[in-house]
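Colleague: Structure: input-v2.csv, CSV, N, CA and C atoms.
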```csv
chain,number,residue,atom,x,y,z
A,24,MET,N,-1.5,-11.8,-11.4
A,24,MET,CA,-2.0,-10.5,-11.0
A,24,MET,C,-2.1,-9.6,-12.3
A,25,LEU,N,-1.3,-9.9,-13.2
A,25,LEU,CA,-1.4,-9.2,-14.5
A,25,LEU,C,-2.8,-9.4,-15.1
A,26,GLN,N,-3.3,-10.6,-15.2
A,26,GLN,CA,-4.6,-10.8,-15.7
A,26,GLN,C,-5.7,-10.2,-14.9
A,27,TYR,N,-5.5,-10.2,-13.6
A,27,TYR,CA,-6.4,-9.5,-12.6
A,27,TYR,C,-6.6,-8.1,-13.0
A,28,GLU,N,-5.5,-7.4,-13.2
A,28,GLU,CA,-5.5,-6.0,-13.6
A,28,GLU,C,-6.2,-5.8,-14.9
A,29,ILE,N,-5.8,-6.6,-15.9
A,29,ILE,CA,-6.4,-6.5,-17.2
A,29,ILE,C,-7.9,-6.7,-17.2
A,30,GLU,N,-8.4,-7.7,-16.5
A,30,GLU,CA,-9.8,-8.0,-16.4
A,30,GLU,C,-10.6,-6.9,-15.6
A,31,ASN,N,-9.9,-6.3,-14.6
A,31,ASN,CA,-10.6,-5.2,-13.9
A,31,ASN,C,-10.8,-4.0,-14.8
A,32,LEU,N,-9.8,-3.7,-15.6
A,32,LEU,CA,-10.0,-2.5,-16.5
A,32,LEU,C,-11.0,-2.8,-17.5
A,33,ILE,N,-11.1,-4.0,-18.1
A,33,ILE,CA,-12.1,-4.4,-19.1
A,33,ILE,C,-13.5,-4.3,-18.5
A,34,GLN,N,-13.6,-4.8,-17.2
A,34,GLN,CA,-14.9,-4.7,-16.6
A,34,GLN,C,-15.4,-3.3,-16.3
A,35,ASN,N,-14.4,-2.4,-16.2
A,35,ASN,CA,-14.7,-1.0,-16.0
A,35,ASN,C,-14.7,-0.2,-17.3
A,36,ASN,N,-14.9,-0.9,-18.5
A,36,ASN,CA,-15.0,-0.3,-19.8
A,36,ASN,C,-13.7,0.5,-20.2
A,37,ARG,N,-12.5,0.0,-19.7
A,37,ARG,CA,-11.3,0.6,-20.1
A,37,ARG,C,-10.4,-0.3,-20.8
A,38,THR,N,-10.9,-0.9,-21.9
A,38,THR,CA,-10.1,-1.8,-22.7
A,38,THR,C,-8.9,-1.1,-23.3
A,39,ASP,N,-9.0,0.2,-23.5
A,39,ASP,CA,-7.8,0.9,-24.0
A,39,ASP,C,-6.7,0.9,-23.0
A,40,LEU,N,-7.0,1.0,-21.8
A,40,LEU,CA,-5.9,0.9,-20.7
A,40,LEU,C,-5.5,-0.6,-20.5
A,41,ALA,N,-6.4,-1.5,-20.6
A,41,ALA,CA,-6.1,-2.9,-20.4
A,41,ALA,C,-5.0,-3.4,-21.3
A,42,LYS,N,-5.0,-2.8,-22.5
A,42,LYS,CA,-4.0,-3.2,-23.5
A,42,LYS,C,-2.6,-2.7,-23.2
A,43,LEU,N,-2.5,-1.7,-22.3
A,43,LEU,CA,-1.3,-1.1,-21.9
A,43,LEU,C,-0.7,-1.7,-20.6
A,44,VAL,N,-1.4,-2.5,-19.9
A,44,VAL,CA,-0.9,-3.1,-18.7
A,44,VAL,C,0.3,-4.0,-19.0
A,45,GLU,N,1.4,-3.9,-18.2
A,45,GLU,CA,2.6,-4.7,-18.6
A,45,GLU,C,3.2,-5.3,-17.3
A,46,HIS,N,3.8,-6.5,-17.5
A,46,HIS,CA,4.6,-7.1,-16.5
A,46,HIS,C,6.0,-6.5,-16.6
A,47,SER,N,6.1,-5.4,-15.9
A,47,SER,CA,7.3,-4.5,-16.1
A,47,SER,C,8.6,-5.3,-15.6
A,48,SER,N,8.6,-6.0,-14.6
A,48,SER,CA,9.8,-6.7,-14.1
A,48,SER,C,10.3,-7.7,-15.1
A,49,GLU,N,9.4,-8.3,-15.8
A,49,GLU,CA,9.7,-9.3,-16.9
A,49,GLU,C,10.3,-8.6,-18.1
A,50,LEU,N,9.7,-7.5,-18.5
A,50,LEU,CA,10.1,-6.8,-19.7
A,50,LEU,C,11.4,-5.9,-19.5
A,51,HIS,N,11.5,-5.3,-18.3
A,51,HIS,CA,12.6,-4.4,-18.0
A,51,HIS,C,13.6,-4.8,-16.9
A,52,GLY,N,13.3,-5.9,-16.3
A,52,GLY,CA,14.2,-6.4,-15.2
A,52,GLY,C,13.7,-6.1,-13.8
A,53,ASP,N,14.3,-6.7,-12.8
A,53,ASP,CA,13.8,-6.5,-11.4
A,53,ASP,C,14.1,-5.2,-10.8
A,54,GLY,N,15.0,-4.4,-11.4
A,54,GLY,CA,15.5,-3.2,-10.7
A,54,GLY,C,14.5,-2.0,-10.7
A,55,LEU,N,13.3,-2.2,-11.2
A,55,LEU,CA,12.4,-1.0,-11.2
A,55,LEU,C,11.7,-0.7,-9.8
A,56,GLY,N,11.7,-1.8,-9.0
A,56,GLY,CA,11.0,-1.6,-7.7
A,56,GLY,C,9.6,-1.9,-7.7
A,57,PHE,N,9.1,-2.5,-8.8
A,57,PHE,CA,7.7,-2.9,-8.9
A,57,PHE,C,7.6,-4.0,-10.0
A,58,ASP,N,6.5,-4.8,-9.9
A,58,ASP,CA,6.4,-5.9,-10.9
A,58,ASP,C,5.5,-5.5,-12.1
A,59,ILE,N,4.4,-4.8,-11.8
A,59,ILE,CA,3.4,-4.6,-12.8
A,59,ILE,C,3.1,-3.1,-12.9
A,60,ARG,N,3.0,-2.6,-14.1
A,60,ARG,CA,2.5,-1.2,-14.4
A,60,ARG,C,1.1,-1.4,-14.9
A,61,SER,N,0.1,-0.7,-14.2
A,61,SER,CA,-1.3,-0.8,-14.6
A,61,SER,C,-1.8,0.6,-14.5
A,62,PHE,N,-3.2,0.7,-14.5
A,62,PHE,CA,-3.8,2.0,-14.5
A,62,PHE,C,-5.1,2.0,-13.6
A,63,GLU,N,-5.3,3.2,-13.0
A,63,GLU,CA,-6.6,3.4,-12.4
A,63,GLU,C,-7.6,3.6,-13.5
A,64,ASN,N,-8.9,3.6,-13.2
A,64,ASN,CA,-9.9,3.8,-14.2
A,64,ASN,C,-9.9,5.1,-14.9
A,65,ASP,N,-9.3,6.1,-14.2
A,65,ASP,CA,-9.2,7.5,-14.8
A,65,ASP,C,-8.0,7.6,-15.6
A,66,GLY,N,-7.2,6.6,-15.8
A,66,GLY,CA,-6.0,6.6,-16.6
A,66,GLY,C,-4.7,6.9,-15.9
A,67,THR,N,-4.8,7.2,-14.6
A,67,THR,CA,-3.6,7.4,-13.8
A,67,THR,C,-2.8,6.1,-13.7
A,68,GLU,N,-1.5,6.2,-13.9
A,68,GLU,CA,-0.7,5.0,-13.7
A,68,GLU,C,-0.7,4.5,-12.3
A,69,LYS,N,-0.5,3.2,-12.1
A,69,LYS,CA,-0.3,2.6,-10.8
A,69,LYS,C,0.8,1.5,-10.9
A,70,PHE,N,1.5,1.4,-9.8
A,70,PHE,CA,2.7,0.5,-9.8
A,70,PHE,C,2.5,-0.5,-8.7
A,71,ILE,N,2.6,-1.8,-9.1
A,71,ILE,CA,2.2,-2.9,-8.2
A,71,ILE,C,3.4,-3.8,-8.0
A,72,GLU,N,3.7,-4.0,-6.7
A,72,GLU,CA,4.7,-5.0,-6.3
A,72,GLU,C,3.9,-6.2,-5.8
A,73,VAL,N,4.2,-7.4,-6.3
A,73,VAL,CA,3.4,-8.6,-5.9
A,73,VAL,C,4.3,-9.4,-4.9
A,74,LYS,N,3.7,-9.8,-3.7
A,74,LYS,CA,4.3,-10.6,-2.7
A,74,LYS,C,3.4,-11.8,-2.4
A,75,THR,N,4.0,-13.0,-2.5
A,75,THR,CA,3.2,-14.2,-2.4
A,75,THR,C,3.7,-15.1,-1.2
A,76,THR,N,2.7,-15.7,-0.5
A,76,THR,CA,3.0,-16.6,0.6
A,76,THR,C,2.0,-17.7,0.7
A,77,ARG,N,2.4,-18.8,1.2
A,77,ARG,CA,1.4,-19.9,1.5
A,77,ARG,C,0.8,-19.6,2.9
A,78,LYS,N,1.4,-18.7,3.6
A,78,LYS,CA,0.9,-18.4,5.0
A,78,LYS,C,-0.2,-17.4,4.9
A,79,ASN,N,-0.5,-16.7,6.0
A,79,ASN,CA,-1.6,-15.7,6.1
A,79,ASN,C,-1.1,-14.3,5.7
A,80,ALA,N,-2.0,-13.4,5.6
A,80,ALA,CA,-1.7,-12.1,5.1
A,80,ALA,C,-0.8,-11.3,6.0
A,81,VAL,N,-0.8,-11.5,7.3
A,81,VAL,CA,-0.1,-10.7,8.2
A,81,VAL,C,1.4,-11.2,8.5
A,82,ASP,N,1.7,-12.4,7.9
A,82,ASP,CA,3.1,-12.8,8.1
A,82,ASP,C,4.0,-11.9,7.3
A,83,GLY,N,5.2,-11.7,7.8
A,83,GLY,CA,6.2,-10.8,7.2
A,83,GLY,C,6.5,-11.2,5.8
A,84,PHE,N,7.1,-10.3,5.1
A,84,PHE,CA,7.6,-10.6,3.7
A,84,PHE,C,8.8,-9.7,3.5
A,85,TYR,N,9.5,-10.0,2.5
A,85,TYR,CA,10.8,-9.3,2.2
A,85,TYR,C,10.6,-8.3,1.1
A,86,MET,N,11.2,-7.1,1.2
A,86,MET,CA,11.2,-6.2,0.2
A,86,MET,C,12.7,-5.7,0.1
A,87,SER,N,13.1,-5.4,-1.1
A,87,SER,CA,14.5,-5.0,-1.3
A,87,SER,C,14.5,-3.5,-1.0
A,88,PRO,N,15.7,-3.0,-0.7
A,88,PRO,CA,15.9,-1.5,-0.4
A,88,PRO,C,15.3,-0.7,-1.6
A,89,ASN,N,15.5,-1.2,-2.8
A,89,ASN,CA,15.0,-0.4,-3.9
A,89,ASN,C,13.5,-0.4,-4.0
A,90,GLU,N,12.8,-1.5,-3.6
A,90,GLU,CA,11.4,-1.6,-3.6
A,90,GLU,C,10.8,-0.6,-2.5
A,91,ILE,N,11.5,-0.6,-1.4
A,91,ILE,CA,11.1,0.4,-0.3
A,91,ILE,C,11.3,1.8,-0.8
A,92,LYS,N,12.4,2.1,-1.4
A,92,LYS,CA,12.7,3.4,-1.9
A,92,LYS,C,11.6,3.9,-3.0
A,93,VAL,N,11.4,3.0,-3.9
A,93,VAL,CA,10.4,3.3,-5.0
A,93,VAL,C,9.0,3.5,-4.4
A,94,SER,N,8.6,2.7,-3.4
A,94,SER,CA,7.3,2.8,-2.8
A,94,SER,C,7.2,4.2,-2.1
A,95,ASN,N,8.3,4.7,-1.6
A,95,ASN,CA,8.2,6.0,-0.9
A,95,ASN,C,8.3,7.2,-1.9
A,96,GLU,N,8.8,7.0,-3.1
A,96,GLU,CA,8.9,8.0,-4.1
A,96,GLU,C,7.9,8.1,-5.1
A,97,THR,N,7.0,7.0,-5.2
A,97,THR,CA,6.1,6.9,-6.3
A,97,THR,C,4.6,7.0,-5.8
A,98,VAL,N,3.9,7.9,-6.5
A,98,VAL,CA,2.5,8.0,-6.2
A,98,VAL,C,1.8,6.8,-6.8
A,99,ASN,N,0.8,6.3,-6.2
A,99,ASN,CA,0.0,5.1,-6.6
A,99,ASN,C,0.8,3.8,-6.6
A,100,TYR,N,1.5,3.6,-5.5
A,100,TYR,CA,2.3,2.4,-5.4
A,100,TYR,C,1.4,1.4,-4.5
A,101,TYR,N,1.3,0.2,-4.9
A,101,TYR,CA,0.5,-0.8,-4.3
A,101,TYR,C,1.4,-2.1,-4.0
A,102,ILE,N,1.1,-2.8,-2.9
A,102,ILE,CA,1.6,-4.1,-2.7
A,102,ILE,C,0.4,-5.1,-2.8
A,103,TYR,N,0.4,-6.0,-3.7
A,103,TYR,CA,-0.6,-7.0,-3.8
A,103,TYR,C,-0.1,-8.2,-3.1
A,104,ARG,N,-0.7,-8.5,-1.9
A,104,ARG,CA,-0.3,-9.6,-1.1
A,104,ARG,C,-1.1,-10.8,-1.4
A,105,LEU,N,-0.6,-11.7,-2.1
A,105,LEU,CA,-1.2,-13.0,-2.3
A,105,LEU,C,-0.9,-13.9,-1.2
A,106,TYR,N,-1.9,-14.4,-0.4
A,106,TYR,CA,-1.6,-15.3,0.7
A,106,TYR,C,-2.5,-16.5,0.7
A,107,ASN,N,-2.3,-17.4,1.6
A,107,ASN,CA,-3.0,-18.7,1.6
A,107,ASN,C,-3.0,-19.3,0.2
A,108,VAL,N,-1.8,-19.2,-0.4
A,108,VAL,CA,-1.7,-19.8,-1.8
A,108,VAL,C,-1.8,-21.3,-1.7
A,109,ARG,N,-2.7,-21.8,-2.6
A,109,ARG,CA,-3.0,-23.2,-2.7
A,109,ARG,C,-2.7,-23.7,-4.1
A,110,GLU,N,-1.4,-24.1,-4.2
A,110,GLU,CA,-0.9,-24.4,-5.6
A,110,GLU,C,-1.7,-25.5,-6.3
A,111,THR,N,-2.1,-26.5,-5.5
A,111,THR,CA,-2.8,-27.6,-6.2
A,111,THR,C,-4.2,-27.2,-6.7
A,112,GLU,N,-4.8,-26.2,-6.1
A,112,GLU,CA,-6.1,-25.7,-6.6
A,112,GLU,C,-5.9,-24.5,-7.5
A,113,GLY,N,-4.7,-23.9,-7.5
A,113,GLY,CA,-4.4,-22.7,-8.3
A,113,GLY,C,-5.2,-21.5,-7.8
A,114,THR,N,-5.3,-21.4,-6.4
A,114,THR,CA,-6.1,-20.3,-5.8
A,114,THR,C,-5.2,-19.6,-4.7
A,115,ALA,N,-5.6,-18.4,-4.4
A,115,ALA,CA,-5.0,-17.7,-3.3
A,115,ALA,C,-6.0,-16.6,-2.9
A,116,ASP,N,-5.7,-16.0,-1.7
A,116,ASP,CA,-6.5,-14.8,-1.3
A,116,ASP,C,-5.6,-13.6,-1.6
A,117,LEU,N,-6.3,-12.4,-1.7
A,117,LEU,CA,-5.6,-11.2,-2.0
A,117,LEU,C,-5.9,-10.1,-1.0
A,118,TYR,N,-4.9,-9.4,-0.6
A,118,TYR,CA,-5.0,-8.2,0.2
A,118,TYR,C,-4.2,-7.1,-0.5
A,119,ILE,N,-4.7,-5.9,-0.6
A,119,ILE,CA,-4.0,-4.9,-1.3
A,119,ILE,C,-3.7,-3.7,-0.3
A,120,TYR,N,-2.4,-3.5,-0.2
A,120,TYR,CA,-1.9,-2.3,0.6
A,120,TYR,C,-1.6,-1.2,-0.4
A,121,SER,N,-1.9,0.0,0.0
A,121,SER,CA,-1.6,1.1,-0.9
A,121,SER,C,-0.7,2.1,-0.2
A,122,GLY,N,0.1,2.8,-1.0
A,122,GLY,CA,1.0,3.9,-0.4
A,122,GLY,C,2.4,3.4,-0.1
A,123,PRO,N,3.1,4.2,0.5
A,123,PRO,CA,4.5,3.9,0.8
A,123,PRO,C,4.7,2.8,1.8
A,124,CYS,N,5.8,2.1,1.8
A,124,CYS,CA,6.2,1.2,2.8
A,124,CYS,C,7.1,1.9,3.8
A,125,ASN,N,6.5,2.4,4.9
A,125,ASN,CA,7.3,3.2,5.8
A,125,ASN,C,6.9,2.7,7.3
A,126,GLU,N,7.5,3.3,8.2
A,126,GLU,CA,7.3,2.9,9.6
A,126,GLU,C,5.9,3.3,10.1
A,127,GLU,N,5.2,4.2,9.4
A,127,GLU,CA,3.8,4.5,9.8
A,127,GLU,C,2.9,3.3,9.6
A,128,LYS,N,3.2,2.6,8.6
A,128,LYS,CA,2.3,1.5,8.2
A,128,LYS,C,2.8,0.1,8.5
A,129,PHE,N,4.1,-0.1,8.5
A,129,PHE,CA,4.7,-1.4,8.7
A,129,PHE,C,5.8,-1.3,9.7
A,130,LYS,N,6.1,-2.5,10.3
A,130,LYS,CA,7.3,-2.7,11.1
A,130,LYS,C,8.4,-3.1,10.1
A,131,LEU,N,9.4,-2.2,9.9
A,131,LEU,CA,10.5,-2.5,9.0
A,131,LEU,C,11.7,-3.0,9.8
A,132,THR,N,12.2,-4.2,9.4
A,132,THR,CA,13.3,-4.9,10.1
A,132,THR,C,14.4,-5.1,9.2
A,133,PRO,N,15.6,-4.5,9.3
A,133,PRO,CA,16.7,-4.8,8.5
A,133,PRO,C,17.1,-6.2,8.7
A,134,THR,N,17.4,-6.9,7.6
A,134,THR,CA,17.8,-8.3,7.7
A,134,THR,C,19.2,-8.6,7.2
A,135,SER,N,19.8,-7.7,6.6
A,135,SER,CA,21.2,-7.9,6.2
A,135,SER,C,21.9,-6.5,5.9
A,136,TYR,N,23.2,-6.6,5.8
A,136,TYR,CA,24.0,-5.4,5.6
A,136,TYR,C,25.0,-5.7,4.4
A,137,ARG,N,25.2,-4.7,3.6
A,137,ARG,CA,26.2,-4.8,2.6
A,137,ARG,C,27.5,-4.2,3.2
A,138,ILE,N,28.6,-4.9,3.2
A,138,ILE,CA,29.8,-4.6,3.8
A,138,ILE,C,30.9,-4.4,2.7
A,139,SER,N,31.6,-3.3,2.8
A,139,SER,CA,32.7,-3.0,1.8
A,139,SER,C,33.9,-2.4,2.6
A,140,LEU,N,35.1,-2.6,2.0
A,140,LEU,CA,36.3,-2.0,2.7
A,140,LEU,C,36.3,-0.5,2.5
A,141,LYS,N,36.9,0.1,3.5
A,141,LYS,CA,37.0,1.6,3.4
A,141,LYS,C,38.3,2.0,2.6
```
Would you mind writing the structure in this file as structure tokens?
Modeller:
Amino acid sequence: MLQYEIENLIQNNRTDLAKLVEHSSELHGDGLGFDIRSFENDGTEKFIEVKTTRKNAVDGFYMSPNEIKVSNETVNYYIYRLYNVRETEGTADLYIYSGPCNEEKFKLTPTSYRISLK
């Protein structure tokens, strides 16, 4: 998805911004709540969380509490849903969700609890 963002900016004559796209989770760790920092054509930052599956786009996926929090606190947050991943061909389909991950857009189901002694 990193290359997808870079190529999109280059195609829109924003090579200056394409040079600034980063794989944030690789450079700074997974705690940021997003994987890629990129840009809109007007220079506005955008923050991308990538979720991948071999199944279809509507199948559920997991997000950490931090990813949910960041999606709700960050303007220009996107989930790039790679689905129907075909590893042997190196292809997949893409659906892009924008905005926060909340009950208005998604069914959020808690899947675990952190337990500590009082």
Colleague: Just checking: using all atoms listed in the file, which residue out of A:Asn36, A:Asn31, A:Thr75, A:Ser121 ends up closest to Ile102 (chain A)?
Modeller: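 Using all atoms listed in the file, Ile102 (chain A) sits closest to A:Ser121.
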Colleague: Just the number, please: distance in Å from CA of Val108 (chain A) to CA of Arg77 (chain A), one decimal.
Modeller: 4.5 Å
Colleague: Taking the point (8.6, -12.9, 10.5) as given in the file, collect each protein or nucleic acid residue that comes within 12 Å of it, counting only C-alpha atoms, and present the set as a list in words.
Modeller: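 Those within range, by chain then number, are Thr76, Lys78, Asn79, Ala80, Val81, Asp82, Gly83, Phe84, Tyr85, Lys130, Leu131, Thr132, Pro133 and Thr134 of chain A.
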Colleague: Write out as a PyMOL selection string the set of residues from region 25-99 of chain A that DSSP, computed on the backbone, places in strand (DSSP E or B).
Modeller: chain A and resi 45+59-62+68-75
Colleague: Determine which residues of region 45-98 of chain A receive a DSSP assignment of alpha helix (DSSP H), computed from the backbone, and state them as an NGL selection string.
Modeller: :A and (47-51 or 88-96)
Colleague: What does the structure give for the distance between atom C of Asn95 (chain A) and atom C of Ala115 (chain A), in Å to one decimal?
Modeller: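 Atom C of Asn95 (chain A) sits 27.8 Å away from atom C of Ala115 (chain A).
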Colleague: Just the number, please: distance in Å from CA of Ser47 (chain A) to CA of Glu110 (chain A), one decimal.
Modeller: 23.9 Å
Colleague: Would you kindly return, as a count of residues only, each protein, DNA or RNA residue with an atom no farther than 6.5 Å from any atom of region 62-68 of chain A, considering only N, CA and C atoms and excluding same-chain residues fewer than 2 positions away?
Modeller: 5
Colleague: (8.5, 2.3, -7.2) in this file's frame - what residues fall within 7 Å of it? Use only C-alpha atoms and give the answer as a list in words.
Modeller: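 Residues lying no farther than 7 Å from the given point: Leu55, Gly56, Phe57, Phe70, Glu90, Lys92, Val93, Ser94, Glu96, Thr97 and Tyr100 of chain A.
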Colleague: If you count only N, CA and C atoms, which residues fall within 5 Å of Ser48 (chain A), apart from same-chain ones fewer than 4 positions away, as a VMD selection string?
Modeller: chain A and resid 52 to 53 58
Colleague: Calculated over only C-alpha atoms, which of the candidates A:Leu140, A:Ile91, A:Leu105, A:Ile71 has the smallest distance to Pro123 (chain A)?
Modeller: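 Between A:Leu140, A:Ile91, A:Leu105, A:Ile71, the residue approaching Pro123 (chain A) most closely is A:Ile91.
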Colleague: Which residue gives the smallest distance to Tyr106 (chain A) among A:Pro88, A:Gln26, A:Tyr118, A:Lys141, with only N, CA and C atoms counted?
Modeller: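 Looking only at the distances to Tyr106 (chain A), the closest residue turns out to be A:Tyr118.
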Colleague: Considering only C-alpha atoms, state which residue in the set A:Thr38, A:Ser87, A:Asn107, A:Ser61 is at the smallest distance from Ser135 (chain A).
Modeller: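 Distance minimum relative to Ser135 (chain A) lands on A:Ser87.
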Colleague: Can you take the partial region 81-92 of chain A, add N, CA, C and O atoms, and return it as an mmCIF file, in the frame of the given file?
Modeller:
```
data_model
loop_
_atom_site.group_PDB
_atom_site.id
_atom_site.type_symbol
_atom_site.label_atom_id
_atom_site.label_comp_id
_atom_site.auth_asym_id
_atom_site.auth_seq_id
_atom_site.Cartn_x
_atom_site.Cartn_y
_atom_site.Cartn_z
ATOM 1 N N VAL A 81 -0.800 -11.500 7.300
ATOM 2 C CA VAL A 81 -0.100 -10.700 8.200
ATOM 3 C C VAL A 81 1.400 -11.200 8.500
ATOM 4 O O VAL A 81 2.146 -10.515 9.119
ATOM 5 N N ASP A 82 1.700 -12.400 7.900
ATOM 6 C CA ASP A 82 3.100 -12.800 8.100
ATOM 7 C C ASP A 82 4.000 -11.900 7.300
ATOM 8 O O ASP A 82 3.645 -11.307 6.287
ATOM 9 N N GLY A 83 5.200 -11.700 7.800
ATOM 10 C CA GLY A 83 6.200 -10.800 7.200
ATOM 11 C C GLY A 83 6.500 -11.200 5.800
ATOM 12 O O GLY A 83 6.377 -12.394 5.433
ATOM 13 N N PHE A 84 7.100 -10.300 5.100
ATOM 14 C CA PHE A 84 7.600 -10.600 3.700
ATOM 15 C C PHE A 84 8.800 -9.700 3.500
ATOM 16 O O PHE A 84 9.022 -8.716 4.232
ATOM 17 N N TYR A 85 9.500 -10.000 2.500
ATOM 18 C CA TYR A 85 10.800 -9.300 2.200
ATOM 19 C C TYR A 85 10.600 -8.300 1.100
ATOM 20 O O TYR A 85 9.847 -8.577 0.115
ATOM 21 N N MET A 86 11.200 -7.100 1.200
ATOM 22 C CA MET A 86 11.200 -6.200 0.200
ATOM 23 C C MET A 86 12.700 -5.700 0.100
ATOM 24 O O MET A 86 13.353 -5.537 1.077
ATOM 25 N N SER A 87 13.100 -5.400 -1.100
ATOM 26 C CA SER A 87 14.500 -5.000 -1.300
ATOM 27 C C SER A 87 14.500 -3.500 -1.000
ATOM 28 O O SER A 87 13.517 -2.782 -0.938
ATOM 29 N N PRO A 88 15.700 -3.000 -0.700
ATOM 30 C CA PRO A 88 15.900 -1.500 -0.400
ATOM 31 C C PRO A 88 15.300 -0.700 -1.600
ATOM 32 O O PRO A 88 14.739 0.341 -1.342
ATOM 33 N N ASN A 89 15.500 -1.200 -2.800
ATOM 34 C CA ASN A 89 15.000 -0.400 -3.900
ATOM 35 C C ASN A 89 13.500 -0.400 -4.000
ATOM 36 O O ASN A 89 12.872 0.616 -4.264
ATOM 37 N N GLU A 90 12.800 -1.500 -3.600
ATOM 38 C CA GLU A 90 11.400 -1.600 -3.600
ATOM 39 C C GLU A 90 10.800 -0.600 -2.500
ATOM 40 O O GLU A 90 9.865 0.116 -2.746
ATOM 41 N N ILE A 91 11.500 -0.600 -1.400
ATOM 42 C CA ILE A 91 11.100 0.400 -0.300
ATOM 43 C C ILE A 91 11.300 1.800 -0.800
ATOM 44 O O ILE A 91 10.377 2.648 -0.644
ATOM 45 N N LYS A 92 12.400 2.100 -1.400
ATOM 46 C CA LYS A 92 12.700 3.400 -1.900
ATOM 47 C C LYS A 92 11.600 3.900 -3.000
ATOM 48 O O LYS A 92 11.067 4.950 -2.878
#
```
